[in-house]
$ cat coords-v2.pdb   # PDB, C-alpha atoms, pLDDT in the B column
ATOM      1  CA  ASN A  20      36.336 -18.320   0.313  1.00 72.00           C
ATOM      2  CA  GLY A  21      35.444 -21.849  -0.760  1.00 82.00           C
ATOM      3  CA  ASN A  22      38.775 -22.610  -2.408  1.00 87.00           C
ATOM      4  CA  ALA A  23      39.547 -25.382   0.066  1.00 85.00           C
ATOM      5  CA  PHE A  24      37.868 -27.222   2.921  1.00 83.00           C
ATOM      6  CA  SER A  25      39.137 -29.038   5.997  1.00 80.00           C
ATOM      7  CA  GLY A  26      37.421 -31.485   8.300  1.00 79.00           C
ATOM      8  CA  GLY A  27      36.023 -30.170  11.554  1.00 76.00           C
ATOM      9  CA  GLY A  28      35.545 -33.477  13.329  1.00 77.00           C
ATOM     10  CA  LEU A  29      32.399 -35.014  14.780  1.00 81.00           C
ATOM     11  CA  PHE A  30      29.576 -33.103  16.393  1.00 86.00           C
ATOM     12  CA  GLN A  31      29.224 -34.825  19.749  1.00 86.00           C
ATOM     13  CA  PRO A  32      26.471 -33.418  21.981  1.00 90.00           C
ATOM     14  CA  THR A  33      25.732 -35.225  25.246  1.00 89.00           C
ATOM     15  CA  GLU A  34      22.968 -37.273  23.614  1.00 91.00           C
ATOM     16  CA  GLY A  35      25.148 -38.126  20.621  1.00 87.00           C
ATOM     17  CA  SER A  36      24.254 -37.401  16.995  1.00 90.00           C
ATOM     18  CA  ARG A  37      22.277 -39.408  14.449  1.00 90.00           C
ATOM     19  CA  GLY A  38      22.633 -36.948  11.579  1.00 89.00           C
ATOM     20  CA  ASP A  39      20.307 -34.539   9.730  1.00 92.00           C
ATOM     21  CA  PRO A  40      22.751 -31.647  10.282  1.00 94.00           C
ATOM     22  CA  ALA A  41      21.773 -28.014   9.753  1.00 97.00           C
ATOM     23  CA  ILE A  42      23.879 -24.854  10.088  1.00 96.00           C
ATOM     24  CA  VAL A  43      23.352 -21.069  10.167  1.00 97.00           C
ATOM     25  CA  ALA A  44      25.583 -18.072  10.977  1.00 97.00           C
ATOM     26  CA  ASP A  45      24.696 -14.883  12.855  1.00 97.00           C
ATOM     27  CA  SER A  46      25.710 -11.311  12.067  1.00 96.00           C
ATOM     28  CA  GLN A  47      28.765 -11.556  14.350  1.00 96.00           C
ATOM     29  CA  GLY A  48      30.172 -14.617  12.576  1.00 95.00           C
ATOM     30  CA  PHE A  49      29.215 -17.286  15.108  1.00 96.00           C
ATOM     31  CA  PHE A  50      27.931 -20.556  13.662  1.00 95.00           C
ATOM     32  CA  TYR A  51      25.127 -22.707  15.019  1.00 97.00           C
ATOM     33  CA  LEU A  52      25.008 -26.426  14.287  1.00 96.00           C
ATOM     34  CA  ALA A  53      21.948 -28.626  14.798  1.00 97.00           C
ATOM     35  CA  ALA A  54      21.483 -32.387  14.557  1.00 96.00           C
ATOM     36  CA  ILE A  55      19.111 -35.142  15.580  1.00 95.00           C
ATOM     37  CA  THR A  56      20.358 -36.938  18.695  1.00 95.00           C
ATOM     38  CA  ARG A  57      20.328 -40.625  19.563  1.00 93.00           C
ATOM     39  CA  GLU A  58      17.257 -39.922  21.704  1.00 93.00           C
ATOM     40  CA  MET A  59      15.539 -38.391  18.621  1.00 94.00           C
ATOM     41  CA  ASN A  60      15.645 -34.921  20.164  1.00 95.00           C
ATOM     42  CA  ILE A  61      17.468 -31.981  18.553  1.00 97.00           C
ATOM     43  CA  ALA A  62      20.825 -30.628  19.738  1.00 97.00           C
ATOM     44  CA  VAL A  63      21.934 -27.100  18.770  1.00 97.00           C
ATOM     45  CA  ALA A  64      25.375 -25.716  19.629  1.00 96.00           C
ATOM     46  CA  ARG A  65      27.163 -22.397  19.091  1.00 96.00           C
ATOM     47  CA  THR A  66      30.786 -22.062  18.071  1.00 94.00           C
ATOM     48  CA  THR A  67      33.066 -20.732  20.788  1.00 92.00           C
ATOM     49  CA  GLY A  68      34.672 -18.346  18.310  1.00 92.00           C
ATOM     50  CA  THR A  69      34.339 -16.963  14.809  1.00 92.00           C
ATOM     51  CA  LEU A  70      37.614 -18.205  13.291  1.00 88.00           C
ATOM     52  CA  PRO A  71      38.661 -21.773  12.457  1.00 83.00           C
ATOM     53  CA  PRO A  72      39.424 -24.256  13.808  1.00 83.00           C
ATOM     54  CA  PHE A  73      35.924 -24.207  15.291  1.00 84.00           C
ATOM     55  CA  SER A  74      34.824 -25.787  18.527  1.00 87.00           C
ATOM     56  CA  PHE A  75      31.355 -25.835  19.996  1.00 90.00           C
ATOM     57  CA  GLY A  76      29.999 -25.019  23.414  1.00 89.00           C
ATOM     58  CA  ASN A  77      27.469 -27.117  25.288  1.00 92.00           C
ATOM     59  CA  ALA A  78      24.518 -27.961  23.086  1.00 95.00           C
ATOM     60  CA  ALA A  79      20.982 -26.884  23.892  1.00 96.00           C
ATOM     61  CA  ILE A  80      18.675 -29.902  23.752  1.00 96.00           C
ATOM     62  CA  ILE A  81      15.228 -29.426  22.240  1.00 96.00           C
ATOM     63  CA  ASP A  82      13.245 -32.275  23.736  1.00 94.00           C
ATOM     64  CA  GLY A  83      10.361 -33.374  21.552  1.00 89.00           C
ATOM     65  CA  GLY A  84       9.072 -35.902  24.047  1.00 86.00           C
ATOM     66  CA  ASP A  85       7.106 -38.691  22.444  1.00 81.00           C
ATOM     67  CA  PRO A  86       7.028 -39.143  19.450  1.00 81.00           C
ATOM     68  CA  ASP A  87      10.401 -38.471  17.807  1.00 91.00           C
ATOM     69  CA  LEU A  88      11.586 -35.294  16.110  1.00 94.00           C
ATOM     70  CA  ASP A  89      12.961 -35.552  12.590  1.00 93.00           C
ATOM     71  CA  LYS A  90      14.184 -33.515   9.605  1.00 93.00           C
ATOM     72  CA  GLU A  91      15.059 -30.284  11.416  1.00 96.00           C
ATOM     73  CA  LEU A  92      16.246 -27.201   9.546  1.00 98.00           C
ATOM     74  CA  MET A  93      17.074 -23.660  10.660  1.00 98.00           C
ATOM     75  CA  ALA A  94      16.954 -20.097   9.367  1.00 98.00           C
ATOM     76  CA  ILE A  95      18.290 -16.942  11.010  1.00 98.00           C
ATOM     77  CA  ASP A  96      17.014 -13.366  10.828  1.00 98.00           C
ATOM     78  CA  ARG A  97      19.804 -11.289   9.250  1.00 95.00           C
ATOM     79  CA  THR A  98      17.700  -8.141   8.967  1.00 95.00           C
ATOM     80  CA  ASN A  99      18.138  -5.102  11.198  1.00 94.00           C
ATOM     81  CA  GLY A 100      14.631  -5.513  12.568  1.00 95.00           C
ATOM     82  CA  PRO A 101      13.483  -6.295  16.113  1.00 96.00           C
ATOM     83  CA  PHE A 102      14.235 -10.022  15.704  1.00 97.00           C
ATOM     84  CA  LYS A 103      17.747  -9.657  14.325  1.00 97.00           C
ATOM     85  CA  ASP A 104      19.826 -12.845  14.758  1.00 98.00           C
ATOM     86  CA  ARG A 105      16.839 -14.846  15.990  1.00 98.00           C
ATOM     87  CA  ILE A 106      17.169 -18.499  14.952  1.00 98.00           C
ATOM     88  CA  TYR A 107      14.046 -20.314  13.783  1.00 98.00           C
ATOM     89  CA  LEU A 108      14.097 -24.098  13.882  1.00 98.00           C
ATOM     90  CA  VAL A 109      11.390 -26.318  12.421  1.00 98.00           C
ATOM     91  CA  ALA A 110      11.051 -30.074  12.532  1.00 97.00           C
ATOM     92  CA  ALA A 111       8.582 -32.843  11.924  1.00 95.00           C
ATOM     93  CA  LYS A 112       7.279 -34.668  14.962  1.00 94.00           C
ATOM     94  CA  VAL A 113       6.725 -38.104  13.489  1.00 86.00           C
ATOM     95  CA  GLY A 114       2.997 -38.601  13.019  1.00 87.00           C
ATOM     96  CA  PHE A 115       2.100 -35.310  14.725  1.00 93.00           C
ATOM     97  CA  GLY A 116       2.728 -32.524  12.208  1.00 95.00           C
ATOM     98  CA  ILE A 117       5.262 -29.687  11.960  1.00 97.00           C
ATOM     99  CA  TRP A 118       6.650 -27.921  15.030  1.00 97.00           C
ATOM    100  CA  GLU A 119       8.599 -24.678  15.481  1.00 98.00           C
ATOM    101  CA  THR A 120      10.875 -23.158  18.113  1.00 98.00           C
ATOM    102  CA  HIS A 121      13.072 -20.062  18.104  1.00 98.00           C
ATOM    103  CA  THR A 122      15.838 -18.596  20.203  1.00 98.00           C
ATOM    104  CA  THR A 123      15.292 -16.278  23.141  1.00 97.00           C
ATOM    105  CA  SER A 124      19.046 -15.967  23.730  1.00 97.00           C
ATOM    106  CA  LEU A 125      22.127 -16.810  21.682  1.00 97.00           C
ATOM    107  CA  ASN A 126      24.592 -16.912  24.576  1.00 95.00           C
ATOM    108  CA  PRO A 127      23.618 -18.934  26.500  1.00 94.00           C
ATOM    109  CA  LEU A 128      21.693 -20.640  23.725  1.00 96.00           C
ATOM    110  CA  THR A 129      18.038 -21.027  24.733  1.00 97.00           C
ATOM    111  CA  PHE A 130      14.872 -21.815  22.790  1.00 98.00           C
ATOM    112  CA  THR A 131      11.143 -21.364  23.267  1.00 98.00           C
ATOM    113  CA  PRO A 132       8.936 -24.418  23.880  1.00 96.00           C
ATOM    114  CA  LEU A 133       7.989 -26.238  20.698  1.00 97.00           C
ATOM    115  CA  GLN A 134       4.724 -25.099  19.101  1.00 97.00           C
ATOM    116  CA  LYS A 135       2.742 -26.969  16.482  1.00 97.00           C
ATOM    117  CA  LEU A 136       2.136 -25.107  13.235  1.00 97.00           C
ATOM    118  CA  PRO A 137      -1.599 -24.696  12.614  1.00 95.00           C
ATOM    119  CA  GLY A 138      -3.239 -27.084  10.199  1.00 90.00           C
ATOM    120  CA  THR A 139      -0.389 -29.594  10.094  1.00 94.00           C
ATOM    121  CA  THR A 140      -1.333 -33.233  10.541  1.00 92.00           C
ATOM    122  CA  SER A 141       0.357 -36.615  10.667  1.00 92.00           C
ATOM    123  CA  ALA A 142       0.775 -36.367   6.869  1.00 91.00           C
ATOM    124  CA  ALA A 143       3.083 -33.311   7.134  1.00 93.00           C
ATOM    125  CA  THR A 144       6.876 -33.640   6.984  1.00 93.00           C
ATOM    126  CA  GLY A 145      10.029 -32.107   5.521  1.00 94.00           C
ATOM    127  CA  PRO A 146       9.729 -28.496   6.782  1.00 97.00           C
ATOM    128  CA  MET A 147      12.129 -25.690   5.875  1.00 98.00           C
ATOM    129  CA  PRO A 148      12.083 -22.076   7.149  1.00 98.00           C
ATOM    130  CA  ALA A 149      13.181 -18.864   5.436  1.00 98.00           C
ATOM    131  CA  VAL A 150      13.301 -15.264   6.661  1.00 98.00           C
ATOM    132  CA  GLY A 151      12.086 -12.429   4.442  1.00 98.00           C
ATOM    133  CA  PRO A 152      13.494  -8.904   4.095  1.00 97.00           C
ATOM    134  CA  ASP A 153      11.292  -7.467   6.855  1.00 96.00           C
ATOM    135  CA  GLY A 154      11.836 -10.301   9.315  1.00 97.00           C
ATOM    136  CA  GLU A 155       8.783 -12.302   8.297  1.00 98.00           C
ATOM    137  CA  VAL A 156       9.217 -16.070   8.598  1.00 98.00           C
ATOM    138  CA  PHE A 157       7.977 -18.567   6.015  1.00 98.00           C
ATOM    139  CA  VAL A 158       7.819 -22.319   6.529  1.00 98.00           C
ATOM    140  CA  ALA A 159       7.257 -24.705   3.622  1.00 96.00           C
ATOM    141  CA  TYR A 160       6.567 -28.409   4.073  1.00 95.00           C
ATOM    142  CA  ARG A 161       5.114 -31.429   2.336  1.00 92.00           C
ATOM    143  CA  HIS A 162       1.607 -32.451   3.313  1.00 90.00           C
ATOM    144  CA  GLY A 163       0.587 -35.870   2.073  1.00 85.00           C
ATOM    145  CA  THR A 164       1.915 -37.218  -1.203  1.00 79.00           C
ATOM    146  CA  LYS A 165       0.958 -34.436  -3.626  1.00 79.00           C
ATOM    147  CA  GLN A 166       0.810 -31.164  -1.705  1.00 88.00           C
ATOM    148  CA  ILE A 167       3.222 -28.458  -0.591  1.00 92.00           C
ATOM    149  CA  GLU A 168       1.967 -25.931   1.960  1.00 94.00           C
ATOM    150  CA  VAL A 169       3.353 -22.635   3.255  1.00 96.00           C
ATOM    151  CA  THR A 170       2.687 -20.730   6.456  1.00 97.00           C
ATOM    152  CA  LYS A 171       3.984 -17.345   7.645  1.00 98.00           C
ATOM    153  CA  SER A 172       4.792 -15.457  10.847  1.00 98.00           C
ATOM    154  CA  THR A 173       5.044 -11.675  11.127  1.00 97.00           C
ATOM    155  CA  ASP A 174       5.595 -11.530  14.903  1.00 98.00           C
ATOM    156  CA  GLY A 175       8.919 -13.265  15.345  1.00 98.00           C
ATOM    157  CA  GLY A 176       7.544 -16.783  15.409  1.00 98.00           C
ATOM    158  CA  GLN A 177       4.927 -16.206  18.095  1.00 97.00           C
ATOM    159  CA  SER A 178       2.160 -17.250  15.694  1.00 97.00           C
ATOM    160  CA  PHE A 179       1.807 -18.575  12.147  1.00 97.00           C
ATOM    161  CA  ALA A 180      -0.960 -18.206   9.594  1.00 96.00           C
ATOM    162  CA  ASN A 181      -1.738 -18.443   5.882  1.00 96.00           C
ATOM    163  CA  PRO A 182       0.293 -15.764   4.046  1.00 95.00           C
ATOM    164  CA  ASP A 183      -2.733 -15.110   1.811  1.00 95.00           C
ATOM    165  CA  PRO A 184      -5.272 -13.041   3.800  1.00 93.00           C
ATOM    166  CA  ASN A 185      -7.980 -13.923   1.283  1.00 94.00           C
ATOM    167  CA  ASP A 186      -7.515 -17.677   1.719  1.00 94.00           C
ATOM    168  CA  PRO A 187      -9.551 -19.133   4.605  1.00 93.00           C
ATOM    169  CA  GLU A 188      -7.332 -22.221   4.939  1.00 92.00           C
ATOM    170  CA  GLU A 189      -4.788 -22.359   7.767  1.00 92.00           C
ATOM    171  CA  ALA A 190      -1.873 -22.670   5.322  1.00 93.00           C
ATOM    172  CA  LYS A 191      -1.357 -21.790   1.666  1.00 93.00           C
ATOM    173  CA  LEU A 192      -1.692 -24.860  -0.519  1.00 90.00           C
ATOM    174  CA  ILE A 193       0.540 -25.327  -3.560  1.00 84.00           C
ATOM    175  CA  ASP A 194      -0.517 -28.219  -5.790  1.00 72.00           C
ATOM    176  CA  MET A 195       2.323 -30.492  -6.765  1.00 68.00           C
ATOM    177  CA  THR A 196       2.331 -31.094 -10.497  1.00 58.00           C
ATOM    178  CA  ALA A 197       4.530 -34.204 -10.299  1.00 55.00           C
ATOM    179  CA  SER A 198       3.089 -37.413  -8.931  1.00 56.00           C
ATOM    180  CA  PRO A 199       5.115 -39.520  -6.477  1.00 57.00           C
ATOM    181  CA  GLN A 200       7.625 -41.721  -8.234  1.00 59.00           C
ATOM    182  CA  PHE A 201       7.904 -45.455  -7.607  1.00 59.00           C
ATOM    183  CA  LEU A 202      11.453 -46.719  -8.000  1.00 61.00           C
ATOM    184  CA  GLY A 203      12.512 -50.217  -8.897  1.00 61.00           C
ATOM    185  CA  PRO A 204       9.707 -52.776  -8.777  1.00 65.00           C
ATOM    186  CA  GLY A 205       7.316 -50.347  -7.086  1.00 60.00           C
ATOM    187  CA  THR A 206       8.366 -50.924  -3.491  1.00 58.00           C
ATOM    188  CA  LEU A 207      10.059 -47.550  -2.890  1.00 60.00           C
ATOM    189  CA  LEU A 208       8.084 -44.296  -2.967  1.00 61.00           C
ATOM    190  CA  ALA A 209      10.081 -41.119  -3.658  1.00 65.00           C
ATOM    191  CA  LEU A 210       8.326 -37.981  -2.425  1.00 73.00           C
ATOM    192  CA  SER A 211       9.344 -34.357  -2.958  1.00 78.00           C
ATOM    193  CA  ILE A 212      10.420 -32.360   0.085  1.00 88.00           C
ATOM    194  CA  PRO A 213      10.355 -28.604  -0.597  1.00 92.00           C
ATOM    195  CA  GLN A 214      13.146 -26.059  -0.314  1.00 95.00           C
ATOM    196  CA  ILE A 215      12.311 -22.382   0.205  1.00 97.00           C
ATOM    197  CA  ALA A 216      14.170 -19.079  -0.179  1.00 97.00           C
ATOM    198  CA  ALA A 217      13.079 -15.463   0.292  1.00 98.00           C
ATOM    199  CA  ASP A 218      14.525 -12.536  -1.682  1.00 98.00           C
ATOM    200  CA  THR A 219      16.119 -10.059   0.736  1.00 96.00           C
ATOM    201  CA  THR A 220      17.594  -7.673  -1.807  1.00 96.00           C
ATOM    202  CA  ALA A 221      17.701  -3.961  -0.965  1.00 95.00           C
ATOM    203  CA  ASP A 222      14.758  -1.568  -0.919  1.00 94.00           C
ATOM    204  CA  GLY A 223      13.762  -0.664  -4.456  1.00 96.00           C
ATOM    205  CA  SER A 224      14.601  -4.080  -5.884  1.00 97.00           C
ATOM    206  CA  PRO A 225      11.678  -5.313  -8.033  1.00 97.00           C
ATOM    207  CA  THR A 226      12.068  -8.820  -6.607  1.00 98.00           C
ATOM    208  CA  ARG A 227      12.446  -7.883  -2.918  1.00 97.00           C
ATOM    209  CA  GLY A 228      10.160 -10.064  -0.818  1.00 96.00           C
ATOM    210  CA  ASN A 229       9.588 -12.711  -3.472  1.00 97.00           C
ATOM    211  CA  VAL A 230       9.398 -16.248  -2.085  1.00 97.00           C
ATOM    212  CA  TYR A 231      10.696 -19.174  -4.130  1.00 97.00           C
ATOM    213  CA  ILE A 232       9.914 -22.845  -3.562  1.00 94.00           C
ATOM    214  CA  VAL A 233      11.324 -25.869  -5.366  1.00 90.00           C
ATOM    215  CA  PHE A 234      10.193 -29.471  -4.998  1.00 85.00           C
TER     216      PHE A 234
END

$ encode --input "coords-v2.pdb" --output "structure tokens"
Amino acid sequence: NGNAFSGGGLFQPTEGSRGDPAIVADSQGFFYLAAITREMNIAVARTTGTLPPFSFGNAAIIDGGDPDLDKELMAIDRTNGPFKDRIYLVAAKVGFGIWETHTTSLNPLTFTPLQKLPGTTSAATGPMPAVGPDGEVFVAYRHGTKQIEVTKSTDGGQSFANPDPNDPEEAKLIDMTASPQFLGPGTLLALSIPQIAADTTADGSPTRGNVYIVF
């Protein structure tokens, strides 16, 4: 209930862990933990039970090949639709855009091959997914120094496209109003990485389906 917390120890997949942790929970109460490995791949593991103290089974390794994967985050479909409990994982492949994979099985934990999101270039990084009330998947990410873009899937992550059918671009562009900030003597550039959430309130809610982005 959040009143107290206890340490769960180190996440130690076979390739080790370098950080960037992410966590989601399915409808049965199992947790899934992801992290970047020493080999700059992504390890994802499922808890062996639903009650603490938690332990994790063997991690699935998402191999990005060359170049490295970075800044992975996950979202899980908690709707009652055809993709219920599907995990969506997005990451930046350094210098090669934004890539997505999703589960085909939770036990054993297996993922689809990585696919590059359309329109993303070497300037794209910092992706985050969110699942809408009807199982649609949104991914927001930074593109360059002053742009946030959003793409959407309505087929369980098989394909992604601009959520605006009237916009011919491959992803929906959101102009950043704040310029990058130089810290100290101008040697450190601080860039916004977006966070995204989708309103999954019940049918009839006036805000159901709204998508919110902060940066």

$ closest_residue --input "coords-v2.pdb" --among "A:Gly48, A:Pro127, A:Pro137, A:Pro32" --to "Ala190 (chain A)" --atoms "only C-alpha atoms"
A:Pro137

$ residues_around --input "coords-v2.pdb" --residues "Lys171 (chain A)" --least-positions-apart "4" --cutoff "6 Å" --atoms "only C-alpha atoms" --output "number ranges by chain"
A: 156-157, 179-180, 182

$ resolve_selection --input "coords-v2.pdb" --expression "the PyMOL selection byres ((chain A and resi 36) around 8)" --output "list in words"
Phe30, Gln31, Pro32, Glu34, Gly35, Arg37, Gly38, Ala54, Ile55, Thr56 and Arg57 of chain A

$ closest_residue --input "coords-v2.pdb" --among "A:Gln177, A:Ser224, A:Thr140, A:Asn22" --to "Thr123 (chain A)" --atoms "all atoms listed in the file"
A:Gln177

$ atom_distance --input "coords-v2.pdb" --atom1 "CA of Val43 (chain A)" --atom2 "CA of Val233 (chain A)"
20.2 Å

$ closest_residue --input "coords-v2.pdb" --among "A:Leu125, A:Leu29, A:Met59, A:Ile167" --to "Gln47 (chain A)" --atoms "only C-alpha atoms"
A:Leu125

$ atom_distance --input "coords-v2.pdb" --atom1 "CA of Tyr231 (chain A)" --atom2 "CA of Ala217 (chain A)"
6.2 Å

$ axis_aligned_box --input "coords-v2.pdb" --around "region 141-149 of chain A" --padding-each-side "3 Å" --output "JSON"
{"center_x": 6.8, "center_y": -27.7, "center_z": 8.1, "size_x": 18.8, "size_y": 23.8, "size_z": 11.2}

$ atom_distance --input "coords-v2.pdb" --atom1 "CA of Lys112 (chain A)" --atom2 "CA of Ser124 (chain A)"
23.8 Å
